[in-house]
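A.B. asks: Data: query.txt, compact mmCIF, C-alpha atoms.
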```txt
# COMPACT_ATOMS: atom_id res chain seq x y z
CA MET A 1 98.52 106.02 93.79
CA SER A 2 97.83 109.64 92.81
CA ARG A 3 97.90 110.83 89.21
CA LEU A 4 101.12 112.74 89.86
CA GLY A 5 102.64 109.62 91.41
CA ASN A 6 101.62 107.54 88.40
CA LEU A 7 103.08 110.14 86.06
CA GLY A 8 106.33 110.22 88.02
CA ALA A 9 106.61 106.41 87.89
CA LYS A 10 105.99 106.37 84.13
CA LEU A 11 108.54 109.12 83.55
CA TYR A 12 111.11 107.29 85.66
CA ARG A 13 110.61 104.01 83.76
CA GLY A 14 110.69 105.80 80.39
CA GLU A 15 107.13 104.76 79.50
CA THR A 16 106.29 108.38 78.73
CA ALA A 17 108.46 111.44 78.38
CA TYR A 18 108.55 115.11 77.48
CA ASP A 19 111.22 116.04 74.98
CA PHE A 20 113.15 118.65 76.96
CA ILE A 21 116.30 118.19 74.88
CA GLY A 22 114.52 118.22 71.53
CA ARG A 23 112.74 121.45 72.45
CA ARG A 24 115.84 123.11 73.89
CA LYS A 25 115.68 126.02 71.44
CA LEU A 26 112.27 126.94 72.85
CA TRP A 27 113.68 126.89 76.39
CA TYR A 28 116.70 128.91 75.29
CA LEU A 29 114.29 131.53 73.94
CA VAL A 30 112.30 131.59 77.20
CA THR A 31 115.52 131.86 79.20
CA LEU A 32 116.86 134.65 77.01
CA THR A 33 113.60 136.56 77.39
CA LEU A 34 113.77 136.33 81.19
CA VAL A 35 117.39 137.47 81.21
CA VAL A 36 116.68 140.42 78.89
CA ILE A 37 113.75 141.55 81.05
CA SER A 38 115.89 141.26 84.19
CA LEU A 39 118.82 143.17 82.70
CA THR A 40 116.46 145.86 81.37
CA GLY A 41 114.97 146.32 84.83
CA LEU A 42 118.46 146.45 86.33
CA GLY A 43 119.63 149.02 83.79
CA VAL A 44 116.54 151.24 83.97
CA ARG A 45 115.73 151.19 87.69
CA GLY A 46 118.92 149.87 89.26
CA LEU A 47 119.16 148.27 92.68
CA THR A 48 117.96 149.93 95.86
CA MET A 49 120.97 149.35 98.07
CA GLY A 50 120.36 149.09 101.80
CA ILE A 51 122.00 151.09 104.53
CA ASP A 52 124.58 148.38 105.13
CA PHE A 53 125.95 148.88 101.62
CA GLN A 54 125.84 152.68 101.38
CA GLY A 55 126.27 153.88 104.93
CA GLY A 56 123.86 156.17 106.74
CA ALA A 57 121.42 156.03 109.64
CA VAL A 58 118.35 154.02 110.56
CA PHE A 59 115.85 155.54 113.01
CA THR A 60 113.20 153.46 114.75
CA THR A 61 110.40 155.39 116.44
CA PRO A 62 108.06 154.19 119.21
CA SER A 63 104.60 153.01 118.16
CA THR A 64 102.93 156.04 116.60
CA SER A 65 100.01 157.20 114.48
CA MET A 66 102.29 159.43 112.41
CA SER A 67 101.97 158.58 108.73
CA GLU A 68 104.85 157.31 106.66
CA GLN A 69 104.63 160.37 104.45
CA GLN A 70 104.99 162.72 107.42
CA ALA A 71 108.05 160.90 108.71
CA ARG A 72 109.58 160.90 105.22
CA GLU A 73 109.10 164.66 104.84
CA ILE A 74 110.66 165.39 108.25
CA ALA A 75 113.70 163.21 107.55
CA GLU A 76 114.24 164.62 104.06
CA ASP A 77 113.80 168.26 105.13
CA THR A 78 116.25 167.84 108.00
CA SER A 79 118.91 165.76 106.24
CA GLY A 80 118.57 167.04 102.68
CA ARG A 81 118.61 163.46 101.42
CA GLY A 82 116.04 160.92 100.32
CA ALA A 83 114.48 158.78 103.04
CA ASP A 84 112.86 155.35 103.00
CA VAL A 85 110.12 154.78 105.58
CA GLN A 86 108.48 151.47 106.56
CA ARG A 87 105.80 150.76 109.14
CA LEU A 88 106.67 147.79 111.32
CA GLY A 89 104.24 145.26 112.73
CA SER A 90 104.36 146.91 116.17
CA GLY A 91 103.14 150.21 114.75
CA ALA A 92 106.59 151.81 114.91
CA LEU A 93 108.22 153.51 111.95
CA ARG A 94 111.60 152.60 110.48
CA VAL A 95 113.21 155.61 108.79
CA GLN A 96 116.33 155.00 106.72
CA VAL A 97 118.48 157.83 105.36
CA THR A 98 121.66 157.03 103.44
CA GLY A 99 124.89 159.02 103.57
CA LEU A 100 124.39 160.65 106.99
CA ASP A 101 127.28 161.30 109.36
CA THR A 102 127.02 161.44 113.15
CA GLN A 103 126.16 165.15 113.36
CA GLU A 104 123.53 165.02 110.61
CA SER A 105 121.91 161.92 112.09
CA GLY A 106 121.59 163.68 115.45
CA LYS A 107 119.60 166.54 113.87
CA THR A 108 117.25 164.13 112.10
CA ARG A 109 116.73 162.14 115.28
CA GLU A 110 115.83 165.29 117.24
CA ALA A 111 113.41 166.43 114.54
CA LEU A 112 111.58 163.09 114.59
CA ALA A 113 111.42 163.12 118.41
CA ASP A 114 110.04 166.67 118.46
CA GLU A 115 107.32 165.82 115.96
CA LEU A 116 106.37 162.73 117.97
CA GLY A 117 106.45 164.63 121.25
CA VAL A 118 108.86 162.20 122.92
CA ARG A 119 112.39 162.38 124.26
CA THR A 120 115.24 162.11 121.77
CA GLN A 121 116.43 158.90 123.44
CA SER A 122 113.06 157.29 122.65
CA VAL A 123 113.96 157.32 118.95
CA ASN A 124 116.51 154.57 118.37
CA ALA A 125 119.32 155.46 115.93
CA ASP A 126 121.75 153.04 114.28
CA LEU A 127 124.61 154.62 112.35
CA VAL A 128 126.51 152.73 109.63
CA GLY A 129 129.69 154.24 108.22
CA PRO A 130 130.41 154.27 104.46
CA SER A 131 133.59 152.23 104.95
CA TRP A 132 131.53 149.43 106.53
CA GLY A 133 129.16 149.52 103.56
CA GLU A 134 132.07 149.15 101.14
CA GLN A 135 133.43 146.19 103.11
CA VAL A 136 130.03 144.47 103.07
CA THR A 137 129.74 144.98 99.30
CA ASP A 138 133.25 143.63 98.65
CA GLN A 139 132.70 140.58 100.85
CA ALA A 140 129.34 139.83 99.19
CA ILE A 141 130.86 139.95 95.69
CA LYS A 142 133.83 137.83 96.77
CA GLY A 143 131.52 135.28 98.38
CA ILE A 144 129.46 134.84 95.22
CA LEU A 145 132.54 134.60 92.96
CA ILE A 146 134.24 132.04 95.24
CA PHE A 147 131.02 130.02 95.36
CA LEU A 148 130.75 129.93 91.55
CA ALA A 149 134.43 128.96 91.19
CA LEU A 150 134.15 126.09 93.69
CA VAL A 151 130.94 124.86 92.05
CA THR A 152 132.60 124.78 88.64
CA LEU A 153 135.61 122.88 90.01
CA TYR A 154 133.44 120.34 91.85
CA LEU A 155 131.23 119.57 88.86
CA ALA A 156 134.22 119.30 86.52
CA VAL A 157 135.74 116.66 88.82
CA ALA A 158 132.56 114.83 89.85
CA PHE A 159 131.02 114.77 86.36
CA GLU A 160 132.76 116.47 83.44
CA TRP A 161 133.56 119.98 82.28
CA ARG A 162 130.53 120.11 79.96
CA MET A 163 128.18 119.60 82.89
CA ALA A 164 130.15 122.18 84.88
CA VAL A 165 129.52 124.69 82.09
CA GLY A 166 125.81 123.79 82.00
CA ALA A 167 125.50 124.22 85.77
CA LEU A 168 127.38 127.53 85.68
CA VAL A 169 125.07 128.85 82.95
CA ALA A 170 122.06 127.85 85.05
CA LEU A 171 123.49 129.51 88.19
CA VAL A 172 124.23 132.75 86.34
CA HIS A 173 120.66 132.66 84.98
CA ASP A 174 119.28 132.28 88.51
CA LEU A 175 121.45 135.12 89.79
CA VAL A 176 120.53 137.52 86.96
CA VAL A 177 116.80 136.81 87.23
CA THR A 178 116.80 137.25 91.02
CA VAL A 179 118.73 140.53 90.85
CA GLY A 180 116.51 141.72 87.99
CA VAL A 181 113.34 141.07 89.98
CA TYR A 182 114.81 143.03 92.91
CA ALA A 183 115.44 145.96 90.58
CA ILE A 184 111.97 145.79 89.02
CA VAL A 185 109.99 145.63 92.28
CA GLY A 186 112.32 148.07 94.07
CA PHE A 187 112.96 145.94 97.15
CA GLU A 188 115.93 146.98 99.25
CA VAL A 189 119.12 144.95 98.96
CA THR A 190 120.40 144.06 102.44
CA PRO A 191 122.86 141.50 103.87
CA GLY A 192 119.80 139.27 104.23
CA THR A 193 119.37 139.47 100.47
CA VAL A 194 122.94 138.26 99.95
CA VAL A 195 122.32 135.35 102.32
CA GLY A 196 119.15 134.51 100.39
CA VAL A 197 120.96 134.62 97.03
CA LEU A 198 123.74 132.32 98.23
CA THR A 199 121.08 129.98 99.64
CA ILE A 200 119.15 129.72 96.39
CA LEU A 201 122.36 129.21 94.40
CA GLY A 202 123.14 126.28 96.66
CA TYR A 203 119.62 124.92 96.22
CA SER A 204 119.79 125.31 92.46
CA LEU A 205 123.12 123.48 92.44
CA TYR A 206 121.61 120.63 94.45
CA ASP A 207 118.73 120.31 92.00
CA THR A 208 121.11 120.40 89.04
CA VAL A 209 123.40 117.74 90.55
CA VAL A 210 120.42 115.42 91.07
CA VAL A 211 119.53 115.71 87.37
CA PHE A 212 123.15 115.36 86.26
CA ASP A 213 123.59 112.24 88.37
CA LYS A 214 120.66 110.56 86.63
CA VAL A 215 121.89 111.71 83.20
CA LYS A 216 125.35 110.31 83.97
CA GLU A 217 123.78 107.00 85.03
CA ARG A 218 121.78 106.74 81.80
CA THR A 219 124.66 107.72 79.48
CA LYS A 220 127.62 105.93 81.08
CA ASN A 221 127.30 102.95 78.68
CA LEU A 222 126.50 105.06 75.63
CA THR A 223 128.87 103.31 73.22
CA LYS A 224 127.92 99.84 74.47
CA GLN A 225 124.34 100.15 73.24
CA ASP A 226 122.92 100.91 69.82
CA ARG A 227 119.35 101.85 70.69
CA TYR A 228 119.48 105.44 71.94
CA THR A 229 121.40 108.55 70.97
CA TYR A 230 123.04 110.69 73.64
CA PRO A 231 120.31 113.39 73.60
CA GLU A 232 117.64 110.72 74.06
CA LEU A 233 119.40 109.16 77.04
CA ALA A 234 119.96 112.61 78.56
CA ASN A 235 116.28 113.36 78.08
CA LEU A 236 115.36 110.12 79.86
CA GLY A 237 117.54 111.26 82.75
CA ILE A 238 115.71 114.59 83.01
CA ASN A 239 112.30 112.92 82.87
CA ALA A 240 113.30 110.48 85.60
CA THR A 241 113.90 113.38 88.03
CA VAL A 242 111.51 116.12 86.88
CA VAL A 243 108.61 115.17 89.17
CA ARG A 244 110.96 114.90 92.14
CA SER A 245 112.42 118.34 91.39
CA VAL A 246 109.00 119.96 91.05
CA ASN A 247 107.68 118.34 94.24
CA THR A 248 110.76 119.37 96.23
CA SER A 249 110.48 122.94 94.96
CA ILE A 250 106.79 123.21 95.83
CA VAL A 251 107.43 122.01 99.37
CA ALA A 252 110.32 124.50 99.72
CA LEU A 253 108.28 127.38 98.27
CA LEU A 254 105.36 126.99 100.69
CA PRO A 255 107.12 128.37 103.80
CA VAL A 256 108.96 130.97 101.72
CA THR A 257 105.64 132.15 100.31
CA ALA A 258 104.32 132.46 103.86
CA LEU A 259 107.34 134.60 104.78
CA LEU A 260 106.96 136.83 101.73
CA PHE A 261 103.21 137.41 101.59
CA ILE A 262 102.14 136.86 105.19
CA GLY A 263 105.19 137.76 107.26
CA SER A 264 106.21 140.89 105.36
CA GLY A 265 102.75 141.83 104.08
CA LEU A 266 100.73 141.55 107.29
CA LEU A 267 103.45 141.93 109.93
CA GLY A 268 105.51 144.49 108.07
CA GLY A 269 108.81 142.70 108.56
CA GLY A 270 111.48 144.50 106.54
CA THR A 271 114.18 141.85 106.88
CA LEU A 272 111.69 139.05 106.19
CA LYS A 273 110.71 140.75 102.96
CA ASP A 274 114.32 141.18 101.83
CA ILE A 275 115.37 137.57 102.32
CA SER A 276 112.07 135.92 101.38
CA LEU A 277 111.86 137.59 97.96
CA SER A 278 115.32 136.34 96.99
CA LEU A 279 114.40 132.84 98.18
CA PHE A 280 111.04 132.85 96.38
CA VAL A 281 112.41 134.03 93.02
CA GLY A 282 115.59 131.99 93.29
CA LEU A 283 113.87 128.71 94.14
CA ALA A 284 111.49 129.06 91.19
CA ALA A 285 114.27 130.11 88.79
CA GLY A 286 116.59 127.36 90.08
CA THR A 287 114.02 124.63 89.49
CA PHE A 288 113.36 125.95 85.99
CA SER A 289 117.03 126.23 85.02
CA SER A 290 118.09 122.85 86.43
CA ILE A 291 115.51 121.10 84.23
CA VAL A 292 115.40 123.04 80.96
CA LEU A 293 118.75 124.83 80.84
CA ALA A 294 121.62 123.03 82.62
CA THR A 295 121.27 119.60 80.97
CA PRO A 296 120.38 120.91 77.47
CA VAL A 297 123.50 123.10 77.51
CA ALA A 298 125.68 120.19 78.68
CA THR A 299 124.10 117.95 76.02
CA GLU A 300 124.72 120.55 73.34
CA LEU A 301 128.42 120.51 74.20
CA LYS A 302 128.54 116.71 74.45
CA MET A 303 127.01 116.35 70.97
CA ARG A 304 130.07 118.15 69.55
CA GLU A 305 132.38 115.42 70.83
CA PRO A 306 133.60 113.30 67.84
CA ALA A 307 132.91 109.93 69.49
CA THR A 308 129.39 110.96 70.55
CA ARG A 309 128.66 112.47 67.14
CA GLU A 310 129.80 109.31 65.36
CA HIS A 311 127.77 107.06 67.67
CA ASP A 312 124.60 109.10 67.15
CA ARG A 313 125.20 109.17 63.38
CA ARG A 314 125.31 105.36 63.29
CA ILE A 315 122.08 105.15 65.30
CA ARG A 316 120.27 107.52 62.96
CA ALA A 317 121.58 105.72 59.87
CA ARG A 318 120.47 102.36 61.27
CA ARG A 319 116.99 103.74 61.98
CA ALA A 320 116.74 105.15 58.47
CA ARG A 321 117.55 101.73 57.02
CA ALA A 322 115.01 100.08 59.33
CA ASP A 323 112.30 102.55 58.33
CA SER A 324 113.14 101.99 54.68
CA ARG A 325 112.87 98.21 55.03
CA GLN A 326 109.57 98.55 56.83
CA GLU A 327 108.10 100.83 54.16
CA ASP A 328 109.28 98.52 51.39
CA GLY A 329 107.75 95.53 53.14
CA GLU A 330 104.39 97.27 53.61
CA ASP A 331 103.92 98.47 50.02
CA GLY A 332 105.07 95.16 48.50
CA SER A 333 108.20 96.53 46.86
CA PRO A 334 111.58 94.82 47.24
CA ALA A 335 113.40 95.36 50.51
CA VAL A 336 116.54 97.48 50.50
CA GLY A 337 119.57 95.35 49.70
CA GLY A 338 117.47 92.42 48.43
CA SER A 339 117.32 91.00 44.94
CA PRO A 340 114.58 92.22 42.63
CA GLY A 341 111.31 90.48 43.29
CA SER A 342 112.40 89.10 46.67
CA PRO A 343 109.86 89.49 49.47
CA ALA A 344 110.42 91.85 52.41
CA ARG A 345 111.47 89.18 54.88
CA GLY A 346 114.51 88.38 56.88
CA GLY A 347 113.70 89.27 60.48
CA ARG A 348 112.30 92.23 62.36
CA ALA A 349 113.52 95.80 62.15
CA ASP A 350 115.68 97.41 64.79
CA SER A 351 114.19 98.97 67.89
CA VAL A 352 114.84 102.69 68.16
CA ALA A 353 114.16 105.49 70.60
CA ALA A 354 111.22 107.78 70.26
CA PRO A 355 111.91 111.50 69.87
CA ALA A 356 110.54 112.16 73.34
CA GLY A 357 112.99 109.76 74.91
CA GLY A 358 110.73 106.74 75.23
CA PRO A 359 111.28 103.59 73.20
CA ARG A 360 109.35 102.86 70.07
CA THR A 361 109.49 99.94 67.70
CA THR A 362 109.48 100.61 64.02
CA GLY A 363 109.46 96.97 63.08
CA GLY A 364 107.69 93.89 64.29
CA GLY A 365 108.21 92.69 67.79
CA ALA A 366 107.63 89.31 69.30
CA GLY A 367 104.64 87.69 67.68
CA ALA A 368 104.54 90.16 64.79
CA ALA A 369 104.97 89.24 61.17
CA PRO A 370 108.58 89.70 60.03
CA GLY A 371 109.22 92.93 58.22
CA ARG A 372 105.88 94.45 59.29
CA GLY A 373 105.12 97.12 61.89
CA ARG A 374 102.56 96.62 64.58
```
What does this structure look like when you write it as structure tokens?
C.D. replies:
Amino acid sequence: MSRLGNLGAKLYRGETAYDFIGRRKLWYLVTLTLVVISLTGLGVRGLTMGIDFQGGAVFTTPSTSMSEQQAREIAEDTSGRGADVQRLGSGALRVQVTGLDTQESGKTREALADELGVRTQSVNADLVGPSWGEQVTDQAIKGILIFLALVTLYLAVAFEWRMAVGALVALVHDLVVTVGVYAIVGFEVTPGTVVGVLTILGYSLYDTVVVFDKVKERTKNLTKQDRYTYPELANLGINATVVRSVNTSIVALLPVTALLFIGSGLLGGGTLKDISLSLFVGLAAGTFSSIVLATPVATELKMREPATREHDRRIRARRARADSRQEDGEDGSPAVGGSPGSPARGGRADSVAAPAGGPRTTGGGAGAAPGRGR
């Protein structure tokens, strides 16, 4: 078995663990930093909205040696508006000018054809009206809001409202980071981008549900055991699924990386670039948030529940008494609760959970001297 496989098996059995819950403040800080950077990029640069959202015209030329700069200057001089030019894999140029009406687009098309020395009909022109762009924007926003509402309702029913809140926080994080990256790198937002965002939100939800299911399994008998606190059981649930989540994400990112860096970089595919960037950023952010954000937030809320707080208080008090008896037994002083001069005997100390989620024994186990640690 590979090292990663061995690690995954140990994490699943609780033989080793990373304390995700105990270090949640660190992850909150990392998450906050990512969100602040994303919002700063969004506020400073803003989103580059595609033609489908603003209206305008898209011109596609035949294969040509004309430079992108030349085509941009011709389109801007003719239309009086900014133009975005991309070279496609076939050698053709894609010239996009927002806010053009039918008459203005005809002039720009003729100017491009004259410069290329071809007939006007050889330059393909697609015109998108501003009303269509508004409809696309409205439908995209509605789609995302409906998705988030249904997700919250499902998780509240399938698990509990605390986990629904944790999942919603993680989804909002994924959405903000993805949009922020789009603003920072200046990629164009197209309907393909919206499809990509909805896809990664669904993937992030799937990853979060897998973790929540394991956490629910570990914590369902919380009050029937006196060994682990709720945060420790939740942490065991995360560790049992973390390797699976990472492996699944790596496999999913490989083809997306090919689309982003090979498809759009070498072949010049505009649509590939738009959708692949949202998938790449969203998959990475979704894996991160499902592990270190969703469950810690849900656990934070669960720890405020009176029954959970009382249960965890009893566990910690019992461990403190066990540690005290062990220390008294080791230094030869009387055990807590015993009569002066009595030896530190009377059975082994209680087993407790390690901070990282794995079990530890503060007292003697089988074969150990009573009242002594191993």
A.B. asks: Using Å and a single decimal, report how far atom CA of A:Ser63 sits from atom CA of A:Gly91.
C.D. replies: 4.6 Å
A.B. asks: Which of these, A:Val292, A:Ala317, A:Val281, A:Ala149, has the shortest distance to A:Val197 once you count only C-alpha atoms?
C.D. replies: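 Using only C-alpha atoms, A:Val197 sits closest to A:Val281.
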A.B. asks: Kindly indicate which residue among A:Val151, A:Ala125, A:Ile184, A:Ala164 lies nearest to A:Val44, using only C-alpha atoms for the distances.
C.D. replies: A:Ile184
A.B. asks: Taking (122.2, 128.9, 84.5) in the file's coordinates as the center, which residues reach within 12 Å of it, counting only C-alpha atoms, put as a PyMOL selection string?
C.D. replies: chain A and resi 27-28+31-32+34-35+148+152+163-178+201+204-205+207-208+282+285-298
A.B. asks: Provide the atom CA of A:Asn235 to atom CA of A:Ile315 distance in Å, to one decimal place.
C.D. replies: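 Interatomic distance, atom CA of A:Asn235 to atom CA of A:Ile315: 16.3 Å.
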A.B. asks: Please return as a list in words every residue within 10 Å of (121.5, 160.0, 109.9), taking into account only C-alpha atoms and the file's own coordinates.
C.D. replies: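 Result, sorted by chain then residue number: Gly55, Gly56, Ala57, Val58, Phe59, Ala75, Thr78, Ser79, Arg81, Ala83, Val95, Gln96, Val97, Thr98, Gly99, Leu100, Asp101, Thr102, Gln103, Glu104, Ser105, Gly106, Lys107, Thr108, Arg109, Ala125, Asp126, Leu127 and Val128 of chain A.
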A.B. asks: Have a look at A:Val210, A:Val256, A:Ala240, A:Ala322 and name the one nearest to A:Ala17; count all atoms listed in the file.
C.D. replies: A:Ala240
A.B. asks: Any idea what the distance is between atom CA of A:Gln121 and atom CA of A:Gly82?
C.D. replies: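 Those two atoms sit 23.2 Å apart.
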A.B. asks: Starting from the incomplete input, reconstruct N, CA and C atoms of stretch 289-308 of chain A and write that as a compact mmCIF listing (two decimals), in the frame of the given file.
C.D. replies:
```txt
# COMPACT_ATOMS: atom_id res chain seq x y z
N SER A 289 115.75 126.33 85.72
CA SER A 289 117.03 126.23 85.02
C SER A 289 117.66 124.85 85.14
N SER A 290 117.48 124.17 86.26
CA SER A 290 118.09 122.85 86.43
C SER A 290 117.47 121.82 85.49
N ILE A 291 116.21 122.05 85.10
CA ILE A 291 115.51 121.10 84.23
C ILE A 291 115.69 121.43 82.76
N VAL A 292 115.47 122.68 82.39
CA VAL A 292 115.40 123.04 80.96
C VAL A 292 116.60 123.81 80.45
N LEU A 293 117.59 124.06 81.31
CA LEU A 293 118.75 124.83 80.84
C LEU A 293 120.07 124.11 81.07
N ALA A 294 120.32 123.62 82.29
CA ALA A 294 121.62 123.03 82.62
C ALA A 294 121.93 121.81 81.75
N THR A 295 121.02 120.83 81.74
CA THR A 295 121.27 119.60 80.97
C THR A 295 121.24 119.84 79.46
N PRO A 296 120.31 120.62 78.91
CA PRO A 296 120.38 120.91 77.47
C PRO A 296 121.69 121.56 77.05
N VAL A 297 122.22 122.48 77.86
CA VAL A 297 123.50 123.10 77.51
C VAL A 297 124.62 122.07 77.53
N ALA A 298 124.65 121.24 78.59
CA ALA A 298 125.68 120.19 78.68
C ALA A 298 125.55 119.20 77.52
N THR A 299 124.32 118.87 77.15
CA THR A 299 124.10 117.95 76.02
C THR A 299 124.56 118.56 74.71
N GLU A 300 124.28 119.86 74.55
CA GLU A 300 124.72 120.55 73.34
C GLU A 300 126.23 120.45 73.16
N LEU A 301 126.96 120.61 74.26
CA LEU A 301 128.42 120.51 74.20
C LEU A 301 128.87 119.07 73.97
N LYS A 302 128.19 118.12 74.60
CA LYS A 302 128.54 116.71 74.45
C LYS A 302 128.33 116.24 73.01
N MET A 303 127.31 116.76 72.35
CA MET A 303 127.01 116.35 70.97
C MET A 303 128.10 116.79 69.99
N ARG A 304 128.97 117.70 70.41
CA ARG A 304 130.07 118.15 69.55
C ARG A 304 131.31 117.26 69.69
N GLU A 305 131.27 116.34 70.64
CA GLU A 305 132.38 115.42 70.83
C GLU A 305 132.39 114.42 69.68
N PRO A 306 133.55 114.18 69.02
CA PRO A 306 133.60 113.30 67.84
C PRO A 306 133.03 111.91 68.10
N ALA A 307 133.38 111.29 69.22
CA ALA A 307 132.91 109.93 69.49
C ALA A 307 131.39 109.90 69.65
N THR A 308 130.84 110.89 70.36
CA THR A 308 129.39 110.96 70.55
C THR A 308 128.69 111.24 69.22
```
